[in-house]
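Below is target_17.cif, which holds mmCIF, C-alpha atoms.
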```
data_protein
loop_
_atom_site.label_atom_id
_atom_site.label_comp_id
_atom_site.auth_asym_id
_atom_site.auth_seq_id
_atom_site.Cartn_x
_atom_site.Cartn_y
_atom_site.Cartn_z
CA MET A 1 -12.14 -0.98 -23.55
CA GLY A 2 -10.12 1.36 -21.35
CA SER A 3 -6.80 2.95 -22.09
CA LYS A 4 -3.57 1.62 -20.64
CA SER A 5 -3.00 4.62 -18.42
CA GLY A 6 -5.79 6.71 -16.93
CA PRO A 7 -9.27 5.30 -16.32
CA THR A 8 -11.93 5.74 -18.97
CA ALA A 9 -15.37 6.93 -17.98
CA ASN A 10 -17.78 4.58 -19.73
CA ALA A 11 -20.93 6.33 -18.59
CA THR A 12 -22.14 9.84 -19.38
CA LEU A 13 -22.53 12.23 -16.45
CA ASP A 14 -24.97 15.08 -16.16
CA ASP A 15 -23.86 18.45 -14.82
CA LYS A 16 -24.73 17.59 -11.21
CA ALA A 17 -22.80 14.32 -11.33
CA ARG A 18 -19.77 16.03 -12.87
CA VAL A 19 -19.72 18.48 -9.98
CA GLN A 20 -20.09 15.62 -7.50
CA LEU A 21 -17.18 13.81 -9.12
CA ARG A 22 -14.96 16.87 -8.77
CA LEU A 23 -16.02 17.24 -5.14
CA ALA A 24 -15.31 13.55 -4.50
CA ARG A 25 -11.80 13.83 -5.92
CA ALA A 26 -11.10 16.99 -3.92
CA ALA A 27 -12.33 15.32 -0.73
CA GLN A 28 -10.21 12.24 -1.45
CA GLU A 29 -7.09 14.35 -1.95
CA ALA A 30 -7.82 16.22 1.28
CA GLY A 31 -8.22 12.98 3.21
CA ASN A 32 -11.91 13.60 3.91
CA THR A 33 -12.93 9.97 3.53
CA GLY A 34 -16.58 10.33 4.48
CA SER A 35 -17.30 13.08 2.00
CA ALA A 36 -15.32 11.37 -0.76
CA VAL A 37 -17.24 8.12 -0.34
CA ARG A 38 -20.56 9.95 -0.24
CA PHE A 39 -19.89 11.92 -3.43
CA TYR A 40 -18.47 8.94 -5.32
CA ARG A 41 -21.53 6.89 -4.42
CA ALA A 42 -23.78 9.73 -5.56
CA VAL A 43 -22.04 9.70 -8.95
CA LEU A 44 -22.42 5.94 -9.19
CA ASP A 45 -26.12 6.17 -8.35
CA GLN A 46 -26.49 8.23 -11.52
CA ALA A 47 -23.90 6.36 -13.61
CA PRO A 48 -23.17 2.89 -12.15
CA GLY A 49 -20.52 2.05 -14.73
CA HIS A 50 -18.41 5.18 -14.38
CA VAL A 51 -14.88 3.82 -14.06
CA GLY A 52 -13.39 7.02 -12.65
CA ALA A 53 -15.90 6.99 -9.80
CA LEU A 54 -15.41 3.26 -9.19
CA LEU A 55 -11.64 3.77 -9.07
CA GLY A 56 -11.86 6.76 -6.75
CA LEU A 57 -14.32 5.00 -4.45
CA GLY A 58 -12.19 1.87 -4.36
CA GLU A 59 -9.01 3.78 -3.59
CA THR A 60 -10.73 5.79 -0.85
CA LEU A 61 -12.20 2.69 0.78
CA SER A 62 -8.86 0.88 0.56
CA GLU A 63 -6.93 3.73 2.13
CA SER A 64 -9.48 4.10 4.94
CA GLY A 65 -9.31 0.48 6.04
CA SER A 66 -12.32 -0.94 4.18
CA ALA A 67 -10.24 -3.13 1.90
CA ALA A 68 -12.84 -5.82 1.30
CA ASP A 69 -15.37 -3.23 0.14
CA ALA A 70 -12.68 -1.59 -1.98
CA VAL A 71 -11.99 -4.87 -3.76
CA VAL A 72 -15.67 -5.17 -4.71
CA GLU A 73 -15.73 -1.72 -6.32
CA LEU A 74 -12.36 -2.10 -8.03
CA GLN A 75 -13.31 -5.49 -9.46
CA LYS A 76 -16.22 -3.77 -11.20
CA ALA A 77 -13.83 -1.23 -12.68
CA ALA A 78 -11.34 -3.94 -13.69
CA ALA A 79 -14.06 -5.89 -15.47
CA ALA A 80 -15.00 -2.78 -17.45
CA VAL A 81 -11.42 -1.81 -18.40
CA PRO A 82 -9.25 -4.93 -18.06
CA ASP A 83 -6.24 -3.30 -19.75
CA ASN A 84 -6.22 -0.24 -17.49
CA VAL A 85 -2.98 -0.05 -15.52
CA GLU A 86 -4.28 2.36 -12.86
CA VAL A 87 -7.31 0.20 -12.11
CA GLN A 88 -5.35 -3.06 -12.02
CA THR A 89 -2.72 -1.49 -9.75
CA ALA A 90 -5.35 -0.14 -7.37
CA LEU A 91 -7.07 -3.53 -7.27
CA GLY A 92 -3.80 -5.29 -6.51
CA ARG A 93 -3.06 -2.89 -3.66
CA ALA A 94 -6.55 -3.36 -2.23
CA LEU A 95 -6.13 -7.14 -2.39
CA VAL A 96 -2.92 -6.78 -0.35
CA ARG A 97 -4.76 -4.72 2.24
CA ALA A 98 -7.52 -7.34 2.28
CA ASN A 99 -4.87 -9.96 3.15
CA ARG A 100 -5.19 -11.72 -0.19
CA PRO A 101 -1.55 -11.80 -1.33
CA ASP A 102 -1.94 -14.59 -3.88
CA ASP A 103 -4.72 -12.75 -5.69
CA ALA A 104 -2.69 -9.55 -5.56
CA LEU A 105 0.33 -11.33 -7.03
CA ASN A 106 -1.79 -12.50 -9.95
CA ARG A 107 -2.60 -8.85 -10.73
CA PHE A 108 0.97 -7.60 -10.44
CA ASP A 109 2.33 -10.56 -12.42
CA ALA A 110 -0.09 -9.73 -15.23
CA LEU A 111 1.06 -6.10 -15.21
CA LEU A 112 4.70 -7.16 -15.39
CA ARG A 113 4.02 -9.55 -18.26
CA ARG A 114 2.76 -6.56 -20.19
CA ASN A 115 5.53 -4.20 -19.09
CA ASP A 116 8.59 -5.61 -17.35
CA ASP A 117 9.75 -2.05 -16.60
CA ASP A 118 6.68 -1.22 -14.48
CA LEU A 119 8.54 -0.33 -11.28
CA ARG A 120 5.36 0.42 -9.39
CA ALA A 121 4.10 -3.09 -10.11
CA ARG A 122 7.42 -4.50 -8.90
CA LEU A 123 7.25 -2.46 -5.71
CA ASN A 124 3.70 -3.58 -5.00
CA ARG A 125 4.57 -7.15 -5.91
CA GLY A 126 7.26 -7.00 -3.24
CA VAL A 127 4.69 -5.95 -0.65
CA ALA A 128 2.44 -8.87 -1.64
CA LEU A 129 5.38 -11.28 -1.42
CA ASP A 130 6.25 -10.00 2.06
CA LEU A 131 2.64 -10.51 3.11
CA ALA A 132 2.87 -14.08 1.83
CA GLY A 133 6.04 -14.63 3.88
CA ARG A 134 8.24 -14.84 0.79
CA HIS A 135 10.71 -12.25 2.05
CA ALA A 136 13.74 -13.17 -0.06
CA GLU A 137 11.68 -12.81 -3.25
CA ALA A 138 10.24 -9.52 -1.99
CA GLN A 139 13.72 -8.18 -1.35
CA GLY A 140 14.66 -9.06 -4.91
CA GLU A 141 11.82 -6.88 -6.19
CA TYR A 142 12.82 -3.94 -3.97
CA ARG A 143 16.44 -4.23 -5.07
CA HIS A 144 15.31 -4.31 -8.71
CA VAL A 145 13.48 -1.02 -8.16
CA LEU A 146 16.47 0.49 -6.34
CA LYS A 147 18.80 -0.47 -9.17
CA ALA A 148 16.67 1.66 -11.48
CA GLU A 149 15.87 4.35 -8.89
CA PRO A 150 18.56 4.40 -6.16
CA ASN A 151 16.82 7.19 -4.25
CA ASN A 152 13.40 5.55 -4.12
CA ALA A 153 12.66 5.97 -0.41
CA THR A 154 9.60 3.71 -0.49
CA ALA A 155 11.58 0.83 -1.98
CA MET A 156 14.35 1.39 0.56
CA ALA A 157 11.91 1.47 3.47
CA ASN A 158 10.17 -1.67 2.24
CA LEU A 159 13.52 -3.42 1.83
CA GLY A 160 14.52 -2.47 5.36
CA LEU A 161 11.30 -3.80 6.84
CA SER A 162 11.44 -6.97 4.74
CA LEU A 163 14.98 -7.69 5.89
CA ALA A 164 13.98 -7.12 9.51
CA LEU A 165 11.01 -9.47 9.12
CA ASN A 166 13.47 -12.01 7.77
CA GLY A 167 15.71 -11.58 10.83
CA SER A 168 18.47 -9.51 9.24
CA ALA A 169 20.19 -6.71 11.14
CA GLU A 170 20.76 -5.03 7.78
CA GLY A 171 17.09 -4.08 7.85
CA VAL A 172 17.54 -2.10 11.06
CA ALA A 173 20.55 -0.30 9.59
CA ILE A 174 18.62 0.64 6.45
CA LEU A 175 15.67 2.02 8.41
CA GLU A 176 17.98 3.90 10.79
CA GLY A 177 19.71 5.44 7.78
CA LEU A 178 16.41 6.61 6.33
CA VAL A 179 15.30 8.23 9.58
CA GLN A 180 18.67 9.87 10.16
CA GLY A 181 18.70 11.02 6.55
CA GLY A 182 15.41 12.86 6.89
CA VAL A 183 13.03 10.23 5.50
CA ASP A 184 11.28 10.05 8.85
CA SER A 185 7.59 9.73 8.10
CA PRO A 186 5.44 8.06 10.77
CA ARG A 187 5.34 4.90 8.64
CA VAL A 188 9.13 4.67 8.42
CA ARG A 189 9.55 5.46 12.11
CA GLN A 190 7.07 2.78 13.15
CA ASN A 191 8.73 0.29 10.81
CA LEU A 192 12.00 1.09 12.59
CA ALA A 193 10.30 0.57 15.96
CA LEU A 194 9.08 -2.82 14.74
CA ALA A 195 12.57 -3.71 13.53
CA TYR A 196 14.02 -2.81 16.93
CA GLY A 197 11.34 -4.89 18.60
CA LEU A 198 12.03 -7.92 16.42
CA LYS A 199 15.71 -7.53 17.26
CA GLY A 200 14.84 -7.55 20.96
CA ASP A 201 15.77 -3.93 21.68
CA LEU A 202 12.49 -2.94 23.30
CA GLU A 203 13.93 0.23 24.83
CA ALA A 204 14.82 1.59 21.39
CA ALA A 205 11.51 0.34 20.00
CA ALA A 206 9.58 2.23 22.68
CA ARG A 207 11.61 5.40 22.16
CA VAL A 208 10.86 5.48 18.44
CA ALA A 209 7.25 4.38 18.81
CA ARG A 210 6.54 7.28 21.20
CA LEU A 211 7.37 9.75 18.44
CA ASP A 212 3.97 9.03 16.90
CA LEU A 213 1.90 7.01 19.37
CA ASP A 214 0.37 7.52 22.79
CA ASP A 215 1.44 5.42 25.77
CA ALA A 216 -1.41 2.91 25.41
CA ASN A 217 -0.56 2.18 21.79
CA VAL A 218 3.14 1.99 22.58
CA ARG A 219 2.47 -0.65 25.26
CA SER A 220 0.25 -2.57 22.85
CA ASN A 221 2.92 -2.49 20.16
CA LEU A 222 5.65 -3.60 22.54
CA ALA A 223 3.55 -6.60 23.54
CA PHE A 224 3.08 -7.40 19.86
CA TYR A 225 6.81 -7.14 19.21
CA GLU A 226 7.49 -9.61 22.02
CA THR A 227 5.04 -12.07 20.47
CA ALA A 228 6.35 -11.52 16.94
CA ARG A 229 9.92 -12.24 18.04
CA GLN A 230 8.94 -15.89 18.47
CA PHE A 231 8.55 -16.14 14.71
CA VAL A 232 11.70 -14.25 13.68
CA ALA A 233 15.18 -15.67 14.22
CA PHE A 234 17.17 -12.45 14.22
CA LYS A 235 20.70 -12.71 12.83
CA PRO A 236 23.45 -10.23 13.81
#
```
Can you dump the structure from the file as structure tokens?
Amino acid sequence: MGSKSGPTANATLDDKARVQLRLARAAQEAGNTGSAVRFYRAVLDQAPGHVGALLGLGETLSESGSAADAVVELQKAAAAVPDNVEVQTALGRALVRANRPDDALNRFDALLRRNDDDLRARLNRGVALDLAGRHAEAQGEYRHVLKAEPNNATAMANLGLSLALNGSAEGVAILEGLVQGGVDSPRVRQNLALAYGLKGDLEAAARVARLDLDDANVRSNLAFYETARQFVAFKP
């Protein structure tokens, strides 16, 4: 059985596989998805039950848009080390990306039953709740995290987007504050563009969207915002 923190390798690696595992992790950290996947799969060819390789492969696939494939690999790891927090968290995140919020919530709920102070599980649970359309509950999770960590920019950004999705102008104000305060990653900026779009301010949405996107993608996003507005009753 695995530990409750880092993954446990439950298969012995030879020298070549150990080198491949190091290369896979380095490629993953560098964002070289193709090389990371190739090296992780090479390790698993030699040691199919190696949890570290399964975790790394699953995370890489999840982050590169292959969420369904990521879930398959991470389920193998979770079956091998059911008490492993890192593996269960990664699986929950992959389930969110695979548009399976209910399954993801089951994972995060289990983590919180074991440790109610697991702020990462709460943050991820909020994302799953937003995906399920349960925005008020999601906001409760983000506020719980912010009570413990007032400067948690991810929780603040998620709260802002969740409020905007729920039609609250407070969400726009939160996202504007983050961008003006220097927390202006592409993700936060595009969340702000979405919030402007949901509010009906397409001029502001386009201005922010152009900071990261080309004209074709900006036009596509603006069309999406117009459609999405039908499902959001924005409140001043």
(message) Translate the PyMOL selection byres ((chain A and resi 126) around 7) into a concrete residue list for this structure, as a PyMOL selection string.
(response) chain A and resi 122-125+127-130+138-139+141-142
(request) Please indicate the distance in Å from CA of Ala67 in chain A to CA of Arg107 in chain A, rounded to one decimal place. (result) 15.8 Å
(request) Calculate how many Å separate CA of Gln28 in chain A from CA of Ser162 in chain A, rounding to one decimal. (result) 29.6 Å
Pick out the residues sitting within 9 Å of range 199-212 of chain A, and hand them over as a PDB file with C-alpha atoms, in the coordinates of the input; count all atoms listed in the file, and ignore anything fewer than 2 positions along from it in its own chain.
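Contents of selection_33.pdb, freshly written:
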```
ATOM      1  CA  ALA A 164      13.980  -7.120   9.510  1.00  0.00           C
ATOM      2  CA  GLY A 167      15.710 -11.580  10.830  1.00  0.00           C
ATOM      3  CA  SER A 168      18.470  -9.510   9.240  1.00  0.00           C
ATOM      4  CA  ALA A 169      20.190  -6.710  11.140  1.00  0.00           C
ATOM      5  CA  VAL A 172      17.540  -2.100  11.060  1.00  0.00           C
ATOM      6  CA  PRO A 186       5.440   8.060  10.770  1.00  0.00           C
ATOM      7  CA  ARG A 189       9.550   5.460  12.110  1.00  0.00           C
ATOM      8  CA  GLN A 190       7.070   2.780  13.150  1.00  0.00           C
ATOM      9  CA  LEU A 192      12.000   1.090  12.590  1.00  0.00           C
ATOM     10  CA  ALA A 193      10.300   0.570  15.960  1.00  0.00           C
ATOM     11  CA  LEU A 194       9.080  -2.820  14.740  1.00  0.00           C
ATOM     12  CA  ALA A 195      12.570  -3.710  13.530  1.00  0.00           C
ATOM     13  CA  TYR A 196      14.020  -2.810  16.930  1.00  0.00           C
ATOM     14  CA  GLY A 197      11.340  -4.890  18.600  1.00  0.00           C
ATOM     15  CA  ASP A 214       0.370   7.520  22.790  1.00  0.00           C
ATOM     16  CA  ASP A 215       1.440   5.420  25.770  1.00  0.00           C
ATOM     17  CA  ASN A 217      -0.560   2.180  21.790  1.00  0.00           C
ATOM     18  CA  VAL A 218       3.140   1.990  22.580  1.00  0.00           C
ATOM     19  CA  ARG A 219       2.470  -0.650  25.260  1.00  0.00           C
ATOM     20  CA  ASN A 221       2.920  -2.490  20.160  1.00  0.00           C
ATOM     21  CA  LEU A 222       5.650  -3.600  22.540  1.00  0.00           C
ATOM     22  CA  TYR A 225       6.810  -7.140  19.210  1.00  0.00           C
ATOM     23  CA  GLU A 226       7.490  -9.610  22.020  1.00  0.00           C
ATOM     24  CA  ARG A 229       9.920 -12.240  18.040  1.00  0.00           C
ATOM     25  CA  VAL A 232      11.700 -14.250  13.680  1.00  0.00           C
ATOM     26  CA  ALA A 233      15.180 -15.670  14.220  1.00  0.00           C
ATOM     27  CA  PHE A 234      17.170 -12.450  14.220  1.00  0.00           C
ATOM     28  CA  LYS A 235      20.700 -12.710  12.830  1.00  0.00           C
ATOM     29  CA  PRO A 236      23.450 -10.230  13.810  1.00  0.00           C
TER      30      PRO A 236
END
```
(message) Since I can't run it myself right now, could you work out what the PyMOL selection byres ((chain A and resi 160) around 7) selects here and report it as a ChimeraX atom specification?
(response) /A:156-159,161-164,171-172,174-175
Restricting the output to C-alpha atoms, write the selected residues as a CSV table (one decimal), in the frame of the given file.
```csv
chain,number,residue,atom,x,y,z
A,156,MET,CA,14.4,1.4,0.6
A,157,ALA,CA,11.9,1.5,3.5
A,158,ASN,CA,10.2,-1.7,2.2
A,159,LEU,CA,13.5,-3.4,1.8
A,161,LEU,CA,11.3,-3.8,6.8
A,162,SER,CA,11.4,-7.0,4.7
A,163,LEU,CA,15.0,-7.7,5.9
A,164,ALA,CA,14.0,-7.1,9.5
A,171,GLY,CA,17.1,-4.1,7.8
A,172,VAL,CA,17.5,-2.1,11.1
A,174,ILE,CA,18.6,0.6,6.4
A,175,LEU,CA,15.7,2.0,8.4
```
(request) Carefully work through the PyMOL selection byres ((chain A and resi 38-54) around 8) for this structure and note down the residues it includes, as a PyMOL selection string. (result) chain A and resi 7-13+17-18+20-21+23-24+34-37+55-58+73-74+76-77+80-81
Kindly export the residues of the current selection with C-alpha atoms, as a PDB file, in the coordinates of the input.
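The result, written out as out38.pdb:
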```pdb
ATOM      1  CA  PRO A   7      -9.270   5.300 -16.320  1.00  0.00           C
ATOM      2  CA  THR A   8     -11.930   5.740 -18.970  1.00  0.00           C
ATOM      3  CA  ALA A   9     -15.370   6.930 -17.980  1.00  0.00           C
ATOM      4  CA  ASN A  10     -17.780   4.580 -19.730  1.00  0.00           C
ATOM      5  CA  ALA A  11     -20.930   6.330 -18.590  1.00  0.00           C
ATOM      6  CA  THR A  12     -22.140   9.840 -19.380  1.00  0.00           C
ATOM      7  CA  LEU A  13     -22.530  12.230 -16.450  1.00  0.00           C
ATOM      8  CA  ALA A  17     -22.800  14.320 -11.330  1.00  0.00           C
ATOM      9  CA  ARG A  18     -19.770  16.030 -12.870  1.00  0.00           C
ATOM     10  CA  GLN A  20     -20.090  15.620  -7.500  1.00  0.00           C
ATOM     11  CA  LEU A  21     -17.180  13.810  -9.120  1.00  0.00           C
ATOM     12  CA  LEU A  23     -16.020  17.240  -5.140  1.00  0.00           C
ATOM     13  CA  ALA A  24     -15.310  13.550  -4.500  1.00  0.00           C
ATOM     14  CA  GLY A  34     -16.580  10.330   4.480  1.00  0.00           C
ATOM     15  CA  SER A  35     -17.300  13.080   2.000  1.00  0.00           C
ATOM     16  CA  ALA A  36     -15.320  11.370  -0.760  1.00  0.00           C
ATOM     17  CA  VAL A  37     -17.240   8.120  -0.340  1.00  0.00           C
ATOM     18  CA  LEU A  55     -11.640   3.770  -9.070  1.00  0.00           C
ATOM     19  CA  GLY A  56     -11.860   6.760  -6.750  1.00  0.00           C
ATOM     20  CA  LEU A  57     -14.320   5.000  -4.450  1.00  0.00           C
ATOM     21  CA  GLY A  58     -12.190   1.870  -4.360  1.00  0.00           C
ATOM     22  CA  GLU A  73     -15.730  -1.720  -6.320  1.00  0.00           C
ATOM     23  CA  LEU A  74     -12.360  -2.100  -8.030  1.00  0.00           C
ATOM     24  CA  LYS A  76     -16.220  -3.770 -11.200  1.00  0.00           C
ATOM     25  CA  ALA A  77     -13.830  -1.230 -12.680  1.00  0.00           C
ATOM     26  CA  ALA A  80     -15.000  -2.780 -17.450  1.00  0.00           C
ATOM     27  CA  VAL A  81     -11.420  -1.810 -18.400  1.00  0.00           C
TER      28      VAL A  81
END
```
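Take CA of Asp103 in chain A and CA of Val71 in chain A: the distance between them is 10.9 Å.
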